Amino acid sequence: MKILVCIKQGLDDGKMSRFDEFALEEALALKDKLGKPGSLDVVVDVITAGPVHAVAVLKRAFGMGADRGIHIITRDIGYMPAFVTASNLAVVAGRQDYDLILTGIMSQDMMEGQTGPMLAEFLGMPCATAVVKSKMGTVPGIVRVEREMENGYKDCLDVHLPAVLTIQAGINIPRYPSLSKMLVAAKKSITTLVEEDLFSNPVSPKEFLVAIEYPDQTRAGQRLDGSLDDQVRQFQSFLQEKGLV
Amino acid sequence: MKPILIIAEVMDGSIRPVTWELIAAARVIKELMKNNVGGKKDSLKIQVIVPAQNPLPLAKKILSRTGVDVLALQIPEDTAYTSEAYKNWLSPLVRVCDPSHILVAHTSQGRDFAPGLAVRLEAISLAGVNKICSDGDLLLYYRPVLNNTRNMVLGLESDLLVVLTLMPGIFFPRVSKVKSCGSITFKKICRWSGQPVRMVHQKILKQENNHQILKTAPIIVAAGRGIGERSNLEYVFRFAKCFLASAVAASRPLVDMGWIGYDHQVGITGASVAPRLYIACGISGSSQHLAGMKESDWVVSINKNFQAPICSNADLCIVADVLPFILAFLERE
Ligand SMILES: Cc1cc2nc3c(=O)[nH]c(=O)nc-3n(C[C@H](O)[C@H](O)[C@H](O)COP(=O)(O)OP(=O)(O)OC[C@H]3O[C@@H](n4cnc5c(N)ncnc54)[C@H](O)[C@@H]3O)c2cc1C
């Protein structure tokens with residue numbers, strides 16, 4: 001079985017997007033459960049599309065236990081929405097027969113939650129988003145998932161492989177990279193591709209970025225600085241004024 | 001003029017209230033397009049598709065409440081929502097209708113099918129839109145980025161179809177006299193469409209919870225990742241004890257990490273609360289968290305970063321390291 005996990009480096013902190021850690025853990029747990037130790041009957045590949053320094057997240061993924069890494073080096077076009085990323089990933093993922101493709105539910109920087117479902121559509125695979133439980137092996141060729149809905153409801157469904165799942169936080173507890181794996185990781189080779197080589201005409205967004213703004217303020221947001229003592233005192237008078245004590 | 005198309009959100013056979021917000025947003029878009037440079041003065045149509053096993057009563061409800069055109073789409077018996085089914089059912093209908101916009105709720109269901117539908121229709125897809133305005137020429141769409149600390153403002157390159165998933169709780173339905181001019185069309189989906197079925201809905205589960213404690217507490221002290229360590233929860237509980245009839249809540253990551261039970265989670269996938277006072281300790285104020293507590297009378301934030309979005313959504317922002325602040329408060333009590 002071949003699993004692909006799509007991971008992303010955060011624009012803000014340079015780390016692997018938090019939700020992607022859950023996706024990778026889910027793949028690794030599946031490998032631990034279904035694969036024979038040391039064999040490659042279950043392979044976990046990780047892929048990232050991003051600038052040169054995004055390779056750091058692949059190394060971290062190796063440290064967690066991923067087998068192989070693919071890096072699509074993207075152009076610097078400033079605004080890189082899920083549509084472009086999913087188009088890039090689809091070209092590479094489409095060349096291999098992955099049984100399962102996992103992504104995080106969304107990235108923390110762009111917050112679109114669209115890469116997984118768009119990738120699935122490009123590849124003609126079914127897609128379940130916000131997965132909080134996945135179970136494989138009961139019925140061959142099927143992954144049974146629970147999707148999270150609002151207010152504590154969950155939708156249970158059977159999804160035929162190959163499929164794309166986007167993984168919600170809380171599904172597992174992601175492992176930390178281990179030192180021994182990190183040492184092995186240093187020697188692992190990464191397949192590097194350049195966006196321009198994937199297409200004769202790289203995909204560009206059809207929408208354009210006009211501005212980046214602060215969100216609207218919904219409340220006064222009175223700022224309390226000063227020493228802890230002052231802050232505590234002013235907090236207490238706030239409570240008294242509003243009749244909250 | 002091309003119509004604006006809305007996909008009503010149906011769950012368990014009834015219309016979810018977010019559908020009214022979608023219709024309100026369509027009216028905003030209609031107004032903006034009319035006033036734009038070169039805007040056509042003839043009336044833009046708004047049409048709602050309502051997919052359900054028994055869609056007619058739902059369609060009637062939408063028509064009587066809003067006066068817009070409704071397509072009552074009868075889905076086969078024993079079928080339920082899956083992203084695959086929605087994409088298959090909706091894409092041919094959308095092609096016939098040839099809209100300018102498709103509006104979908106930014107909910108667990110909308111987020112699930114809208115991006116794939118957009119790809120299939122070769123449309124642009126913007127997720128989580130929380131504001132729409134116009135620069136006189138172009139419509140501008142706002143959506144949150146960078147952990148909700150900023151909004152990205154986007155314009156569209158061309159007259160391409162755009163699929164928008166709209167953040168709930170933003171576009172408020174205006175109550176106005178309905179000039180009913182719309183009508184209902186009925187359409188039935190045949191079971192076999194030639195496409196293989198690769199997603200089979202099994203059942204809906206309800207997670208047991210006891211959110212009642214949170215919902216009735218007049219004062220809530222809520223902990224987020226900013227408290228640093230699990231053991232620090234003890235101080236949050238002691239802080240809460242300083243208030244009469246208080247309860248302790250948490251942001252989702254604390255529940256995900258197993259630090260505290262789901263009963264304590266506030267937000268879009270947890271409890272919605274509206275206490276007299278909500279004290280957010282080390283919580284950044286993501287839209288998913290805010291959705292569950294923005295109805296509180298008073299909100300106080302304790303956060304070391306004044307740039308955190310919670311600070312634009314709080315009445316009082318104590319800019320401090322949360323643990324030392326709580327300890328100082330406990331000492332003075
Ligand atoms: C579909 C979906 C549903 C979701 N549902 C929910 C939900 O129901 N409820 C929910 O809460 N989240 C939900 N989330 C998660 C949400 O997106 C955020 O990840 C989450 O709310 C962040 O929690 P937080 O504020 O505790 O953590 P962070 O965002 O990490 O914020 C921590 C804050 O603490 C501050 N801080 C750090 N150290 C200190 C210190 N020493 N002293 C003071 N302040 C400090 C930081 O400045 C920061 O603002 C959902 C996400 C998705 C995708």
# chains A, B, ... in the order shown; residues from 1 in each chain; ligands from 1
call {"tool": "select_by_dssp", "arguments": {"residues": "segment 178-229 of chain A", "states": "helix (DSSP H, G or I)", "output": "ChimeraX atom specification"}}
result
/A:179-187,195-198,228-229
call {"tool": "residues_near_ligand", "arguments": {"ligand": "ligand 1", "cutoff": "8 Å", "atoms": "only C-alpha atoms and all ligand atoms", "output": "PyMOL selection string"}}
result
(chain A and resi 105-106+108+113+130+148+168-169) or (chain B and resi 107-108+147+223-228+250-254+265-271+281-292+302-310+319-323)
call {"tool": "residues_around", "arguments": {"residues": "Phe239 of chain B", "least_positions_apart": "4", "cutoff": "12 Å", "atoms": "only C-alpha atoms", "output": "PyMOL selection string"}}
result
chain B and resi 219-223+232-235+243-244+246-248+279-281+322-333
call {"tool": "write_last_selection", "arguments": {"atoms": "C-alpha atoms", "output": "mmCIF file, in the first residue's frame"}}
result
data_model
loop_
_atom_site.group_PDB
_atom_site.id
_atom_site.type_symbol
_atom_site.label_atom_id
_atom_site.label_comp_id
_atom_site.auth_asym_id
_atom_site.auth_seq_id
_atom_site.Cartn_x
_atom_site.Cartn_y
_atom_site.Cartn_z
ATOM 1 C CA ILE B 219 -18.969 33.512 34.340
ATOM 2 C CA ILE B 220 -16.609 31.417 32.240
ATOM 3 C CA VAL B 221 -12.857 31.249 32.618
ATOM 4 C CA ALA B 222 -11.417 29.709 29.458
ATOM 5 C CA ALA B 223 -7.925 28.323 28.930
ATOM 6 C CA ASN B 232 -1.118 24.968 34.751
ATOM 7 C CA LEU B 233 -4.783 24.128 34.331
ATOM 8 C CA GLU B 234 -4.882 23.856 38.102
ATOM 9 C CA TYR B 235 -4.328 27.623 38.370
ATOM 10 C CA PHE B 243 -15.945 33.900 40.883
ATOM 11 C CA LEU B 244 -19.307 32.745 42.082
ATOM 12 C CA SER B 246 -18.230 30.036 37.326
ATOM 13 C CA ALA B 247 -17.177 27.289 34.947
ATOM 14 C CA VAL B 248 -13.904 26.437 33.225
ATOM 15 C CA ILE B 279 -12.281 35.476 30.446
ATOM 16 C CA ALA B 280 -10.013 34.105 27.714
ATOM 17 C CA CYS B 281 -6.656 33.033 29.153
ATOM 18 C CA VAL B 322 -1.088 34.607 31.795
ATOM 19 C CA LEU B 323 0.330 32.499 34.651
ATOM 20 C CA PRO B 324 2.003 35.335 36.583
ATOM 21 C CA PHE B 325 -1.162 37.391 36.129
ATOM 22 C CA ILE B 326 -3.360 34.648 37.570
ATOM 23 C CA LEU B 327 -0.950 34.137 40.459
ATOM 24 C CA ALA B 328 -0.927 37.862 41.193
ATOM 25 C CA PHE B 329 -4.712 37.892 41.116
ATOM 26 C CA LEU B 330 -4.951 34.890 43.459
ATOM 27 C CA GLU B 331 -2.581 36.590 45.866
ATOM 28 C CA ARG B 332 -4.707 39.722 46.065
ATOM 29 C CA GLU B 333 -8.001 37.911 46.467
#
call {"tool": "residues_around", "arguments": {"residues": "Ile70 of chain A", "least_positions_apart": "6", "cutoff": "9 Å", "atoms": "only C-alpha atoms", "output": "list in words"}}
result
Asp45, Val46, Ile47, Thr48, Ala49, Val55, Leu58, Val92, Ile190, Thr191, Thr192 and Leu193 of chain A
call {"tool": "select_by_dssp", "arguments": {"residues": "segment 159-230 of chain B", "states": "strand (DSSP E or B)", "output": "list in words"}}
result
Val162, Val163, Leu164, Thr165, Leu166, Ile184, Thr185, Phe186, Lys187, Lys188, Met199, Val200, His201, Gln202, Lys203, Ile204, Leu205, Lys206, Ile219, Ile220, Val221, Ala222 and Ala223 of chain B
call {"tool": "closest_residue", "arguments": {"among": "A:Ile77, A:Met149, A:Val5, A:Met182", "to": "chain B", "atoms": "only C-alpha atoms"}}
result
A:Met149
call {"tool": "decode", "arguments": {"residues": "segment 131-145 of chain B", "atoms": "all heavy atoms", "output": "PDB file, in the first residue's frame"}}
result
ATOM      1  N   LYS B 131     -16.444  39.085   4.302  1.00  0.00           N
ATOM      2  CA  LYS B 131     -16.857  40.452   3.969  1.00  0.00           C
ATOM      3  C   LYS B 131     -16.816  40.586   2.451  1.00  0.00           C
ATOM      4  O   LYS B 131     -15.920  40.056   1.804  1.00  0.00           O
ATOM      5  CB  LYS B 131     -15.877  41.436   4.613  1.00  0.00           C
ATOM      6  CG  LYS B 131     -16.244  42.898   4.470  1.00  0.00           C
ATOM      7  CD  LYS B 131     -15.298  43.717   5.353  1.00  0.00           C
ATOM      8  CE  LYS B 131     -15.323  45.192   5.024  1.00  0.00           C
ATOM      9  NZ  LYS B 131     -14.327  45.929   5.826  1.00  0.00           N
ATOM     10  N   ILE B 132     -17.800  41.277   1.899  1.00  0.00           N
ATOM     11  CA  ILE B 132     -17.814  41.527   0.457  1.00  0.00           C
ATOM     12  C   ILE B 132     -18.090  43.009   0.271  1.00  0.00           C
ATOM     13  O   ILE B 132     -19.007  43.557   0.883  1.00  0.00           O
ATOM     14  CB  ILE B 132     -18.920  40.707  -0.247  1.00  0.00           C
ATOM     15  CG1 ILE B 132     -18.740  39.216   0.050  1.00  0.00           C
ATOM     16  CG2 ILE B 132     -18.896  40.940  -1.762  1.00  0.00           C
ATOM     17  CD1 ILE B 132     -19.902  38.350  -0.410  1.00  0.00           C
ATOM     18  N   CYS B 133     -17.260  43.678  -0.508  1.00  0.00           N
ATOM     19  CA  CYS B 133     -17.568  45.070  -0.812  1.00  0.00           C
ATOM     20  C   CYS B 133     -17.117  45.368  -2.234  1.00  0.00           C
ATOM     21  O   CYS B 133     -16.767  44.459  -2.982  1.00  0.00           O
ATOM     22  CB  CYS B 133     -16.947  46.009   0.214  1.00  0.00           C
ATOM     23  SG  CYS B 133     -15.180  45.966   0.236  1.00  0.00           S
ATOM     24  N   SER B 134     -17.158  46.625  -2.609  1.00  0.00           N
ATOM     25  CA  SER B 134     -16.854  46.968  -3.991  1.00  0.00           C
ATOM     26  C   SER B 134     -15.961  48.200  -4.005  1.00  0.00           C
ATOM     27  O   SER B 134     -16.078  49.068  -3.144  1.00  0.00           O
ATOM     28  CB  SER B 134     -18.158  47.250  -4.721  1.00  0.00           C
ATOM     29  OG  SER B 134     -17.885  47.936  -5.924  1.00  0.00           O
ATOM     30  N   ASP B 135     -15.053  48.259  -4.982  1.00  0.00           N
ATOM     31  CA  ASP B 135     -14.251  49.477  -5.127  1.00  0.00           C
ATOM     32  C   ASP B 135     -14.857  50.382  -6.215  1.00  0.00           C
ATOM     33  O   ASP B 135     -14.198  51.263  -6.736  1.00  0.00           O
ATOM     34  CB  ASP B 135     -12.776  49.149  -5.409  1.00  0.00           C
ATOM     35  CG  ASP B 135     -12.583  48.524  -6.777  1.00  0.00           C
ATOM     36  OD1 ASP B 135     -13.576  48.299  -7.502  1.00  0.00           O
ATOM     37  OD2 ASP B 135     -11.414  48.259  -7.143  1.00  0.00           O
ATOM     38  N   GLY B 136     -16.097  50.104  -6.532  1.00  0.00           N
ATOM     39  CA  GLY B 136     -16.784  50.913  -7.539  1.00  0.00           C
ATOM     40  C   GLY B 136     -16.749  50.255  -8.909  1.00  0.00           C
ATOM     41  O   GLY B 136     -17.521  50.569  -9.797  1.00  0.00           O
ATOM     42  N   ASP B 137     -15.841  49.313  -9.024  1.00  0.00           N
ATOM     43  CA  ASP B 137     -15.578  48.707 -10.320  1.00  0.00           C
ATOM     44  C   ASP B 137     -15.640  47.188 -10.187  1.00  0.00           C
ATOM     45  O   ASP B 137     -16.266  46.474 -10.962  1.00  0.00           O
ATOM     46  CB  ASP B 137     -14.167  49.155 -10.723  1.00  0.00           C
ATOM     47  CG  ASP B 137     -13.969  49.131 -12.224  1.00  0.00           C
ATOM     48  OD1 ASP B 137     -14.977  48.964 -12.925  1.00  0.00           O
ATOM     49  OD2 ASP B 137     -12.814  49.266 -12.659  1.00  0.00           O
ATOM     50  N   LEU B 138     -14.955  46.745  -9.150  1.00  0.00           N
ATOM     51  CA  LEU B 138     -14.780  45.314  -8.919  1.00  0.00           C
ATOM     52  C   LEU B 138     -15.363  44.938  -7.570  1.00  0.00           C
ATOM     53  O   LEU B 138     -15.340  45.748  -6.639  1.00  0.00           O
ATOM     54  CB  LEU B 138     -13.280  45.021  -8.803  1.00  0.00           C
ATOM     55  CG  LEU B 138     -12.439  44.754 -10.024  1.00  0.00           C
ATOM     56  CD1 LEU B 138     -11.023  44.463  -9.564  1.00  0.00           C
ATOM     57  CD2 LEU B 138     -12.997  43.564 -10.794  1.00  0.00           C
ATOM     58  N   LEU B 139     -15.837  43.700  -7.462  1.00  0.00           N
ATOM     59  CA  LEU B 139     -16.204  43.209  -6.139  1.00  0.00           C
ATOM     60  C   LEU B 139     -14.937  42.729  -5.440  1.00  0.00           C
ATOM     61  O   LEU B 139     -14.060  42.134  -6.064  1.00  0.00           O
ATOM     62  CB  LEU B 139     -17.186  42.039  -6.250  1.00  0.00           C
ATOM     63  CG  LEU B 139     -18.579  42.344  -6.771  1.00  0.00           C
ATOM     64  CD1 LEU B 139     -19.515  41.179  -6.475  1.00  0.00           C
ATOM     65  CD2 LEU B 139     -19.133  43.611  -6.154  1.00  0.00           C
ATOM     66  N   LEU B 140     -14.854  43.014  -4.142  1.00  0.00           N
ATOM     67  CA  LEU B 140     -13.702  42.579  -3.364  1.00  0.00           C
ATOM     68  C   LEU B 140     -14.168  41.601  -2.289  1.00  0.00           C
ATOM     69  O   LEU B 140     -15.195  41.815  -1.649  1.00  0.00           O
ATOM     70  CB  LEU B 140     -13.022  43.784  -2.708  1.00  0.00           C
ATOM     71  CG  LEU B 140     -12.501  44.854  -3.671  1.00  0.00           C
ATOM     72  CD1 LEU B 140     -11.949  46.046  -2.905  1.00  0.00           C
ATOM     73  CD2 LEU B 140     -11.431  44.272  -4.599  1.00  0.00           C
ATOM     74  N   TYR B 141     -13.403  40.538  -2.141  1.00  0.00           N
ATOM     75  CA  TYR B 141     -13.772  39.486  -1.200  1.00  0.00           C
ATOM     76  C   TYR B 141     -12.709  39.393  -0.110  1.00  0.00           C
ATOM     77  O   TYR B 141     -11.522  39.352  -0.409  1.00  0.00           O
ATOM     78  CB  TYR B 141     -13.881  38.141  -1.925  1.00  0.00           C
ATOM     79  CG  TYR B 141     -14.869  38.189  -3.077  1.00  0.00           C
ATOM     80  CD1 TYR B 141     -14.448  38.461  -4.372  1.00  0.00           C
ATOM     81  CD2 TYR B 141     -16.219  37.977  -2.848  1.00  0.00           C
ATOM     82  CE1 TYR B 141     -15.353  38.520  -5.418  1.00  0.00           C
ATOM     83  CE2 TYR B 141     -17.132  38.027  -3.886  1.00  0.00           C
ATOM     84  CZ  TYR B 141     -16.698  38.299  -5.172  1.00  0.00           C
ATOM     85  OH  TYR B 141     -17.598  38.363  -6.197  1.00  0.00           O
ATOM     86  N   TYR B 142     -13.159  39.365   1.140  1.00  0.00           N
ATOM     87  CA  TYR B 142     -12.247  39.284   2.282  1.00  0.00           C
ATOM     88  C   TYR B 142     -12.302  37.870   2.856  1.00  0.00           C
ATOM     89  O   TYR B 142     -13.393  37.300   2.980  1.00  0.00           O
ATOM     90  CB  TYR B 142     -12.672  40.264   3.375  1.00  0.00           C
ATOM     91  CG  TYR B 142     -12.506  41.720   3.018  1.00  0.00           C
ATOM     92  CD1 TYR B 142     -13.191  42.273   1.938  1.00  0.00           C
ATOM     93  CD2 TYR B 142     -11.676  42.545   3.776  1.00  0.00           C
ATOM     94  CE1 TYR B 142     -13.051  43.612   1.615  1.00  0.00           C
ATOM     95  CE2 TYR B 142     -11.525  43.893   3.463  1.00  0.00           C
ATOM     96  CZ  TYR B 142     -12.221  44.415   2.381  1.00  0.00           C
ATOM     97  OH  TYR B 142     -12.085  45.736   2.068  1.00  0.00           O
ATOM     98  N   ARG B 143     -11.125  37.339   3.207  1.00  0.00           N
ATOM     99  CA  ARG B 143     -11.111  36.043   3.894  1.00  0.00           C
ATOM    100  C   ARG B 143      -9.957  36.010   4.889  1.00  0.00           C
ATOM    101  O   ARG B 143      -8.932  36.652   4.676  1.00  0.00           O
ATOM    102  CB  ARG B 143     -11.048  34.885   2.885  1.00  0.00           C
ATOM    103  CG  ARG B 143      -9.917  34.940   1.850  1.00  0.00           C
ATOM    104  CD  ARG B 143      -9.848  33.661   1.053  1.00  0.00           C
ATOM    105  NE  ARG B 143      -9.839  32.527   1.943  1.00  0.00           N
ATOM    106  CZ  ARG B 143      -8.748  32.069   2.547  1.00  0.00           C
ATOM    107  NH1 ARG B 143      -7.568  32.580   2.313  1.00  0.00           N
ATOM    108  NH2 ARG B 143      -8.815  31.067   3.378  1.00  0.00           N
ATOM    109  N   PRO B 144     -10.129  35.273   5.995  1.00  0.00           N
ATOM    110  CA  PRO B 144      -9.102  35.289   7.034  1.00  0.00           C
ATOM    111  C   PRO B 144      -7.865  34.485   6.637  1.00  0.00           C
ATOM    112  O   PRO B 144      -7.978  33.467   5.955  1.00  0.00           O
ATOM    113  CB  PRO B 144      -9.795  34.640   8.235  1.00  0.00           C
ATOM    114  CG  PRO B 144     -10.838  33.758   7.637  1.00  0.00           C
ATOM    115  CD  PRO B 144     -11.270  34.416   6.365  1.00  0.00           C
ATOM    116  N   VAL B 145      -6.713  34.982   7.047  1.00  0.00           N
ATOM    117  CA  VAL B 145      -5.457  34.249   6.868  1.00  0.00           C
ATOM    118  C   VAL B 145      -4.609  34.406   8.132  1.00  0.00           C
ATOM    119  O   VAL B 145      -4.992  35.148   9.038  1.00  0.00           O
ATOM    120  CB  VAL B 145      -4.636  34.764   5.652  1.00  0.00           C
ATOM    121  CG1 VAL B 145      -5.302  34.388   4.338  1.00  0.00           C
ATOM    122  CG2 VAL B 145      -4.398  36.259   5.720  1.00  0.00           C
TER     123      VAL B 145
END
